[in-house]
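Q: Below is input-v3.txt; it holds compact mmCIF, C-alpha atoms.
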# COMPACT_ATOMS: atom_id res chain seq x y z
CA MET A 7 -166.29 -222.53 116.11
CA TRP A 8 -168.98 -220.43 117.77
CA THR A 9 -169.32 -218.37 120.92
CA LEU A 10 -172.38 -217.84 123.08
CA PHE A 11 -172.72 -214.85 125.40
CA LEU A 12 -175.04 -215.11 128.39
CA ALA A 13 -177.18 -212.19 129.48
CA CYS A 14 -176.68 -210.81 132.99
CA THR A 15 -179.50 -211.07 135.52
CA ASP A 16 -180.85 -208.42 137.86
CA ALA A 17 -180.00 -210.47 140.93
CA LEU A 18 -177.01 -209.50 143.06
CA THR A 19 -173.88 -211.46 142.27
CA VAL A 20 -171.96 -213.24 145.01
CA ASN A 21 -169.27 -210.56 145.01
CA GLU A 22 -171.87 -207.78 145.23
CA LYS A 23 -173.36 -209.45 148.28
CA LYS A 24 -169.92 -209.73 149.84
CA GLU A 25 -169.18 -206.07 149.15
CA GLN A 26 -172.42 -205.08 150.85
CA GLU A 27 -171.45 -207.18 153.86
CA GLY A 28 -167.87 -205.92 153.88
CA ARG A 29 -166.35 -209.37 153.41
CA ASP A 30 -163.05 -210.22 151.72
CA ASP A 31 -163.49 -212.38 148.60
CA THR A 32 -159.85 -213.31 148.09
CA ALA A 33 -160.10 -216.66 149.90
CA ILE A 34 -163.48 -217.74 148.51
CA ASP A 35 -163.40 -220.93 146.45
CA VAL A 36 -165.79 -222.30 143.82
CA GLY A 37 -167.75 -224.35 146.36
CA ASP A 38 -168.40 -221.27 148.51
CA LEU A 39 -169.38 -219.16 145.53
CA CYS A 40 -171.90 -221.71 144.32
CA ALA A 41 -173.29 -222.35 147.80
CA GLU A 42 -173.96 -218.68 148.52
CA ALA A 43 -176.11 -217.93 145.49
CA THR A 44 -178.85 -219.53 143.42
CA PRO A 45 -177.20 -220.66 140.19
CA ALA A 46 -178.66 -219.76 136.81
CA SER A 47 -178.44 -222.33 134.04
CA THR A 48 -178.25 -222.51 130.28
CA THR A 49 -178.35 -225.41 127.84
CA ILE A 50 -175.97 -225.18 124.92
CA PRO A 51 -175.62 -227.48 121.88
CA VAL A 52 -172.06 -228.51 121.08
CA VAL A 53 -171.27 -230.10 117.71
CA PHE A 54 -168.02 -231.52 116.40
CA ASP A 55 -168.49 -231.96 112.67
CA ALA A 56 -167.79 -235.34 111.11
CA TYR A 57 -164.26 -235.79 109.77
CA ASP A 58 -163.28 -238.39 107.16
CA ASP A 59 -160.30 -236.92 105.29
CA GLY A 60 -157.78 -239.26 106.90
CA CYS A 61 -155.02 -238.45 109.36
CA PRO A 62 -152.82 -235.49 108.33
CA TRP A 63 -149.57 -237.48 108.56
CA GLY A 64 -146.41 -235.39 108.51
CA GLU A 65 -148.26 -232.15 109.33
CA ASP A 66 -148.50 -230.13 112.55
CA ASP A 67 -146.10 -232.28 114.60
CA ASN A 68 -147.77 -235.44 113.29
CA LEU A 69 -145.44 -238.29 112.37
CA GLU A 70 -145.35 -240.48 109.30
CA ALA A 71 -147.71 -243.46 109.24
CA GLU A 72 -146.58 -246.55 111.17
CA ASP A 73 -148.62 -249.61 112.05
CA ALA A 74 -149.78 -249.88 115.69
CA HIS A 75 -148.16 -246.58 116.69
CA CYS A 76 -149.82 -243.28 117.54
CA THR A 77 -148.56 -241.27 114.58
CA ALA A 78 -151.15 -238.59 113.78
CA ARG A 79 -154.18 -236.81 115.19
CA PHE A 80 -156.91 -234.41 114.07
CA GLU A 81 -158.05 -231.87 116.68
CA GLN A 82 -161.29 -229.90 116.91
CA SER A 83 -162.53 -227.47 119.58
CA GLU A 84 -165.71 -225.62 120.50
CA SER A 85 -165.59 -222.58 122.78
CA ILE A 86 -168.35 -221.20 125.00
CA ASP A 87 -168.30 -217.74 126.61
CA ILE A 88 -170.41 -217.63 129.78
CA GLY A 89 -169.09 -214.22 130.82
CA ALA A 90 -165.90 -213.15 132.57
CA GLY A 91 -167.57 -213.18 135.98
CA ALA A 92 -169.26 -216.56 135.70
CA VAL A 93 -168.34 -219.52 137.89
CA ILE A 94 -169.44 -223.00 136.78
CA CYS A 95 -171.26 -224.88 139.54
CA ASP A 96 -172.55 -227.93 137.70
CA VAL A 97 -172.42 -229.53 134.25
CA ASP A 98 -174.84 -232.05 132.81
CA PHE A 99 -174.24 -233.79 129.47
CA ASP A 100 -177.14 -234.96 127.33
CA PHE A 101 -176.17 -237.11 124.37
CA GLN A 102 -179.82 -237.61 123.37
CA VAL A 103 -180.06 -234.48 121.26
CA GLU A 104 -182.01 -235.66 118.24
CA GLY A 105 -185.63 -235.45 119.29
CA GLY A 106 -185.00 -237.69 122.29
CA ASN A 107 -183.13 -240.31 120.26
CA VAL A 108 -179.68 -241.35 121.40
CA ASN A 109 -177.04 -239.54 119.36
CA ARG A 110 -174.65 -242.33 118.40
CA MET A 111 -170.98 -241.79 117.71
CA GLU A 112 -168.36 -243.72 115.75
CA TYR A 113 -164.59 -243.24 115.47
CA ASP A 114 -161.32 -244.83 114.28
CA ASP A 115 -158.83 -245.56 115.80
CA ASN A 116 -159.27 -243.72 119.13
CA PHE A 117 -160.21 -240.38 120.67
CA PHE A 118 -159.78 -237.96 123.59
CA PHE A 119 -162.60 -235.70 124.80
CA THR A 120 -161.34 -232.67 126.74
CA PHE A 121 -162.42 -229.62 128.72
CA ASP A 122 -159.84 -226.81 128.75
CA ASP A 123 -157.29 -229.50 127.79
CA VAL A 124 -158.26 -231.73 130.74
CA VAL A 125 -159.04 -235.25 129.51
CA LEU A 126 -162.64 -236.02 130.45
CA ALA A 127 -162.88 -239.28 128.51
CA ALA A 128 -160.65 -241.39 126.29
CA SER A 129 -161.21 -244.55 124.32
CA TYR A 130 -157.58 -245.61 124.93
CA GLY A 131 -156.92 -245.32 128.66
CA PRO A 132 -153.18 -246.23 128.78
CA PHE A 133 -152.20 -243.04 126.94
CA VAL A 134 -153.83 -240.84 129.59
CA GLU A 135 -151.23 -242.09 132.07
CA LEU A 136 -148.52 -240.50 129.89
CA PHE A 137 -149.99 -236.99 130.01
CA PRO A 138 -148.71 -234.33 132.43
CA GLN A 139 -150.84 -233.65 135.52
CA GLU A 140 -152.04 -230.34 136.93
CA ASP A 141 -153.87 -230.39 140.27
CA GLY A 142 -154.43 -234.10 139.78
CA LEU A 143 -155.98 -233.57 136.33
CA PRO A 144 -154.52 -235.18 133.17
CA ILE A 145 -153.71 -232.52 130.56
CA TYR A 146 -153.84 -233.52 126.90
CA ASP A 147 -150.41 -233.11 125.30
CA TRP A 148 -149.73 -234.55 121.86
CA SER A 149 -145.96 -234.66 122.34
CA SER A 150 -146.42 -237.07 125.27
CA ILE A 151 -147.95 -239.80 123.10
CA ALA A 152 -146.66 -239.15 119.56
CA GLY A 153 -144.90 -242.30 118.35
CA GLN A 154 -146.10 -244.45 121.25
CA GLU A 155 -147.07 -248.03 120.43
CA PHE A 156 -150.65 -249.08 121.13
CA THR A 157 -152.74 -252.23 120.94
CA PHE A 158 -156.15 -252.92 119.41
CA SER A 159 -157.59 -255.06 122.20
CA GLY A 160 -157.28 -255.77 125.92
CA TYR A 161 -157.02 -252.16 127.10
CA ASP A 162 -159.21 -249.99 129.35
CA THR A 163 -161.05 -246.82 128.45
CA TYR A 164 -160.65 -243.74 130.66
CA CYS A 165 -163.08 -241.39 132.35
CA LEU A 166 -161.98 -238.62 134.72
CA GLY A 167 -162.62 -239.66 138.32
CA GLU A 168 -164.18 -243.02 137.47
CA ALA A 169 -161.39 -245.04 139.15
CA ASP A 170 -162.15 -243.19 142.40
CA GLY A 171 -165.91 -243.61 142.14
CA LEU A 172 -166.37 -239.95 141.18
CA ALA A 173 -167.77 -240.49 137.68
CA THR A 174 -170.08 -242.77 135.75
CA CYS A 175 -169.25 -243.22 132.10
CA ARG A 176 -170.02 -245.24 128.99
CA ILE A 177 -167.61 -245.09 126.06
CA PRO A 178 -168.33 -246.93 122.78
CA GLU A 179 -165.73 -249.25 121.29
CA PRO A 180 -163.72 -248.19 118.20
CA GLU A 181 -165.22 -248.71 114.76
CA THR A 182 -168.57 -249.46 116.39
CA GLU A 183 -171.57 -247.15 116.40
CA GLY A 184 -172.55 -246.55 120.01
CA ALA A 185 -173.77 -244.03 122.57
CA MET A 186 -171.61 -242.13 125.06
CA ALA A 187 -172.66 -241.11 128.57
CA LEU A 188 -170.69 -239.06 131.12
CA SER A 189 -171.58 -237.93 134.65
CA PHE A 190 -169.12 -236.32 137.07
CA ASP A 191 -169.12 -235.79 140.83
CA ALA A 192 -169.34 -232.24 142.21
CA SER A 193 -165.69 -232.44 143.33
CA ILE A 194 -164.61 -233.01 139.72
CA ILE A 195 -166.77 -230.13 138.46
CA GLU A 196 -165.27 -227.85 141.10
CA LYS A 197 -161.75 -228.58 139.89
CA LEU A 198 -162.75 -228.00 136.28
CA SER A 199 -164.50 -224.76 137.20
CA THR A 200 -161.41 -223.53 139.04
CA ARG A 201 -159.33 -224.28 135.95
CA ALA A 202 -161.83 -222.48 133.70
CA ILE A 203 -161.50 -219.36 135.86
CA ALA A 204 -157.70 -219.51 135.75
CA GLN A 205 -157.64 -220.19 132.00
CA GLU A 206 -160.40 -217.67 131.29
CA ARG A 207 -162.04 -220.05 128.85
CA VAL A 208 -164.63 -222.80 128.57
CA GLU A 209 -163.59 -225.01 125.68
CA TYR A 210 -164.43 -228.58 124.72
CA GLY A 211 -162.06 -230.52 122.51
CA PHE A 212 -162.30 -233.71 120.47
CA ILE A 213 -159.10 -235.35 119.23
CA ALA A 214 -159.11 -238.44 116.99
CA PHE A 215 -155.86 -240.29 116.33
CA GLY A 216 -154.62 -243.25 114.32
CA ASP A 217 -151.64 -245.21 113.08
CA ASN A 218 -151.41 -245.96 109.33
CA ASP A 219 -154.77 -246.64 107.68
CA ALA A 220 -155.27 -243.87 105.12
CA SER A 221 -158.85 -244.94 104.42
CA SER A 222 -160.20 -244.59 107.95
CA ASP A 223 -157.81 -243.37 110.66
CA CYS A 224 -158.65 -240.13 112.49
CA TYR A 225 -162.21 -240.56 111.26
CA HIS A 226 -165.22 -239.79 113.41
CA ALA A 227 -168.89 -239.33 112.72
CA GLU A 228 -170.55 -236.13 113.92
CA PHE A 229 -170.18 -235.95 117.70
CA ALA A 230 -172.90 -233.79 119.24
CA PHE A 231 -174.40 -233.24 122.66
CA ASP A 232 -176.27 -230.70 124.76
CA VAL A 233 -174.50 -229.42 127.86
CA THR A 234 -176.44 -227.72 130.65
CA ILE A 235 -174.19 -225.41 132.65
CA SER A 236 -175.27 -224.08 136.05
CA TYR A 237 -173.33 -220.97 137.07
CA VAL A 238 -173.20 -217.98 139.38
CA GLU A 239 -171.77 -214.52 138.81
CA ARG A 240 -168.78 -213.50 140.91
Show me the file's structure as structure tokens.
A:
Amino acid sequence: MWTLFLACTDALTVNEKKEQEGRDDTAIDVGDLCAEATPASTTIPVVFDAYDDGCPWGEDDNLEAEDAHCTARFEQSESIDIGAGAVICDVDFDFQVEGGNVNRMEYDDNFFFTFDDVVLAASYGPFVELFPQEDGLPIYDWSSIAGQEFTFSGYDTYCLGEADGLATCRIPEPETEGAMALSFDASIIEKLSTRAIAQERVEYGFIAFGDNDASSDCYHAEFAFDVTISYVER
């Protein structure tokens, strides 16, 4: 895990401008903050190392192996520090991080991709419906799906906001090398930014899970992308 600190700029922050103008900042939301200043941006590489040691059955609240049931997972996270006063205004994912070539991913059996525990994308959509919700956002929670039965065909993937026309996503099928693509509407980013402020963290997570195949379950190839974050200082 690594942490990146952003340098401060000489420009006045949004809060400094408000102080000069004698305005109260208590009711200002993310949209207002981003609209009242020119966001800075930074591009950060995020890498989840390949994992092929098999599911850790019987460890860390994982269950014992059982065919066609969600019994074990392997979790990874990458944290980014953009400063205590930073407010995220926009996020752009670039999965073409190898000299312009598409960075392909592969996994077995399934995965969740999260931001501060919010599920951004999932290869197995039905499980997302079992997670608790906060402000309309699905929050990854292993205990909600441990032991649940799942199928290997005929199910939908999941992408945050896609059902409401607020996201455009491409998620590769299991055990198949493919490219991922995610794009979220500003309203989704605003909710995620508000959560990041409340949680005081910016953390991406990748969780692979399986049922009973010791030779391949919980496996994933290296999953890497560049994320460009636009932000303002409060």
Q: Would you pick out the contacts of Tyr237 in chain A at 6 Å or less, using all atoms listed in the file, so that residues sharing its chain but fewer than 5 positions from it are not included, and give the list as an mmCIF file with C-alpha atoms, in the coordinates of the input?
A:
data_model
loop_
_atom_site.group_PDB
_atom_site.id
_atom_site.type_symbol
_atom_site.label_atom_id
_atom_site.label_comp_id
_atom_site.auth_asym_id
_atom_site.auth_seq_id
_atom_site.Cartn_x
_atom_site.Cartn_y
_atom_site.Cartn_z
ATOM 1 C CA PRO A 45 -177.200 -220.660 140.190
ATOM 2 C CA ALA A 46 -178.660 -219.760 136.810
ATOM 3 C CA VAL A 93 -168.340 -219.520 137.890
ATOM 4 C CA ILE A 94 -169.440 -223.000 136.780
ATOM 5 C CA CYS A 95 -171.260 -224.880 139.540
#
Q: Up to 12 Å from (-167.1, -248.6, 123.8) in the file's coordinates: name the residues, counting all atoms listed in the file, as a ChimeraX atom specification.
A: /A:110-117,127-131,159,161-165,175-187
Q: Using all atoms listed in the file, which of the listed residues (A:Asp66, A:Phe190, A:Ser149, A:Phe118) sits closest to Leu136 in chain A?
A: A:Ser149
Q: Provide the CA of Asp87 in chain A to CA of Ala202 in chain A distance in Å, to one decimal place.
A: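 Separation of CA of Asp87 in chain A and CA of Ala202 in chain A: 10.7 Å.
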Q: Quick one: of A:Glu209, A:Asp38, A:Glu84, A:Asp147, who's nearest to Asp67 in chain A, counting all atoms listed in the file?
A: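 Residue with the minimum atom-to-atom distance to Asp67 in chain A: A:Asp147.
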Q: Check the smallest atom-to-atom distance from each of A:Pro51, A:Gly64, A:Gly167, A:Gly89 to Ile203 in chain A using all atoms listed in the file, then report the winner.
A: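 Result for the nearest residue to Ile203 in chain A: A:Gly89.
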Q: Pick out the closest residue to Val233 in chain A from this set: A:Tyr210, A:Phe133, A:Tyr57, A:Phe119. Count all atoms listed in the file.
A: A:Tyr210
Q: Quote the spacing between CA of Leu188 in chain A and CA of Val52 in chain A in Å to one decimal place.
A: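 Going from CA of Leu188 in chain A over to CA of Val52 in chain A, I get 14.6 Å.
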Q: Which distance in Å separates CA of Ala43 in chain A and CA of Ala192 in chain A, to one decimal?
A: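 Atom-to-atom, CA of Ala43 in chain A and CA of Ala192 in chain A are spaced 16.2 Å apart.
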Q: Have a look at A:Thr174, A:Thr48, A:Thr234, A:Ser221 and name the one nearest to Cys61 in chain A; count all atoms listed in the file.
A: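 Residue with the minimum atom-to-atom distance to Cys61 in chain A: A:Ser221.
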Q: How about completing range 217-236 of chain A with N, CA and C atoms and giving it to me as an mmCIF file, in the coordinates of the input?
A:
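And here's rebuild-v8.cif as it stands now:
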data_model
loop_
_atom_site.group_PDB
_atom_site.id
_atom_site.type_symbol
_atom_site.label_atom_id
_atom_site.label_comp_id
_atom_site.auth_asym_id
_atom_site.auth_seq_id
_atom_site.Cartn_x
_atom_site.Cartn_y
_atom_site.Cartn_z
ATOM 1 N N ASP A 217 -152.995 -244.733 113.330
ATOM 2 C CA ASP A 217 -151.640 -245.210 113.080
ATOM 3 C C ASP A 217 -151.241 -245.127 111.605
ATOM 4 N N ASN A 218 -151.906 -245.937 110.724
ATOM 5 C CA ASN A 218 -151.410 -245.960 109.330
ATOM 6 C C ASN A 218 -152.468 -246.252 108.278
ATOM 7 N N ASP A 219 -153.725 -246.287 108.644
ATOM 8 C CA ASP A 219 -154.770 -246.640 107.680
ATOM 9 C C ASP A 219 -155.320 -245.366 107.030
ATOM 10 N N ALA A 220 -154.884 -245.110 105.805
ATOM 11 C CA ALA A 220 -155.270 -243.870 105.120
ATOM 12 C C ALA A 220 -156.752 -243.798 104.829
ATOM 13 N N SER A 221 -157.423 -244.939 104.780
ATOM 14 C CA SER A 221 -158.850 -244.940 104.420
ATOM 15 C C SER A 221 -159.771 -244.632 105.586
ATOM 16 N N SER A 222 -159.260 -244.738 106.828
ATOM 17 C CA SER A 222 -160.200 -244.590 107.950
ATOM 18 C C SER A 222 -159.640 -243.919 109.196
ATOM 19 N N ASP A 223 -158.339 -243.900 109.407
ATOM 20 C CA ASP A 223 -157.810 -243.370 110.660
ATOM 21 C C ASP A 223 -158.101 -241.880 110.824
ATOM 22 N N CYS A 224 -158.272 -241.484 112.079
ATOM 23 C CA CYS A 224 -158.650 -240.130 112.490
ATOM 24 C C CYS A 224 -160.088 -239.789 112.109
ATOM 25 N N TYR A 225 -160.805 -240.779 111.615
ATOM 26 C CA TYR A 225 -162.210 -240.560 111.260
ATOM 27 C C TYR A 225 -163.087 -240.512 112.506
ATOM 28 N N HIS A 226 -164.118 -239.664 112.457
ATOM 29 C CA HIS A 226 -165.220 -239.790 113.410
ATOM 30 C C HIS A 226 -166.483 -239.226 112.780
ATOM 31 N N ALA A 227 -167.598 -239.855 113.128
ATOM 32 C CA ALA A 227 -168.890 -239.330 112.720
ATOM 33 C C ALA A 227 -169.163 -238.054 113.517
ATOM 34 N N GLU A 228 -170.203 -237.325 113.152
ATOM 35 C CA GLU A 228 -170.550 -236.130 113.920
ATOM 36 C C GLU A 228 -170.715 -236.504 115.395
ATOM 37 N N PHE A 229 -170.084 -235.730 116.255
ATOM 38 C CA PHE A 229 -170.180 -235.950 117.700
ATOM 39 C C PHE A 229 -170.871 -234.729 118.291
ATOM 40 N N ALA A 230 -172.100 -234.925 118.763
ATOM 41 C CA ALA A 230 -172.900 -233.790 119.240
ATOM 42 C C ALA A 230 -173.534 -234.116 120.584
ATOM 43 N N PHE A 231 -173.722 -233.082 121.383
ATOM 44 C CA PHE A 231 -174.400 -233.240 122.660
ATOM 45 C C PHE A 231 -174.906 -231.880 123.128
ATOM 46 N N ASP A 232 -175.840 -231.910 124.064
ATOM 47 C CA ASP A 232 -176.270 -230.700 124.760
ATOM 48 C C ASP A 232 -175.606 -230.680 126.122
ATOM 49 N N VAL A 233 -175.084 -229.545 126.527
ATOM 50 C CA VAL A 233 -174.500 -229.420 127.860
ATOM 51 C C VAL A 233 -175.259 -228.332 128.611
ATOM 52 N N THR A 234 -175.762 -228.682 129.788
ATOM 53 C CA THR A 234 -176.440 -227.720 130.650
ATOM 54 C C THR A 234 -175.455 -227.267 131.721
ATOM 55 N N ILE A 235 -175.155 -225.985 131.719
ATOM 56 C CA ILE A 235 -174.190 -225.410 132.650
ATOM 57 C C ILE A 235 -174.920 -224.567 133.681
ATOM 58 N N SER A 236 -174.759 -224.898 134.956
ATOM 59 C CA SER A 236 -175.270 -224.080 136.050
ATOM 60 C C SER A 236 -174.120 -223.184 136.502
#
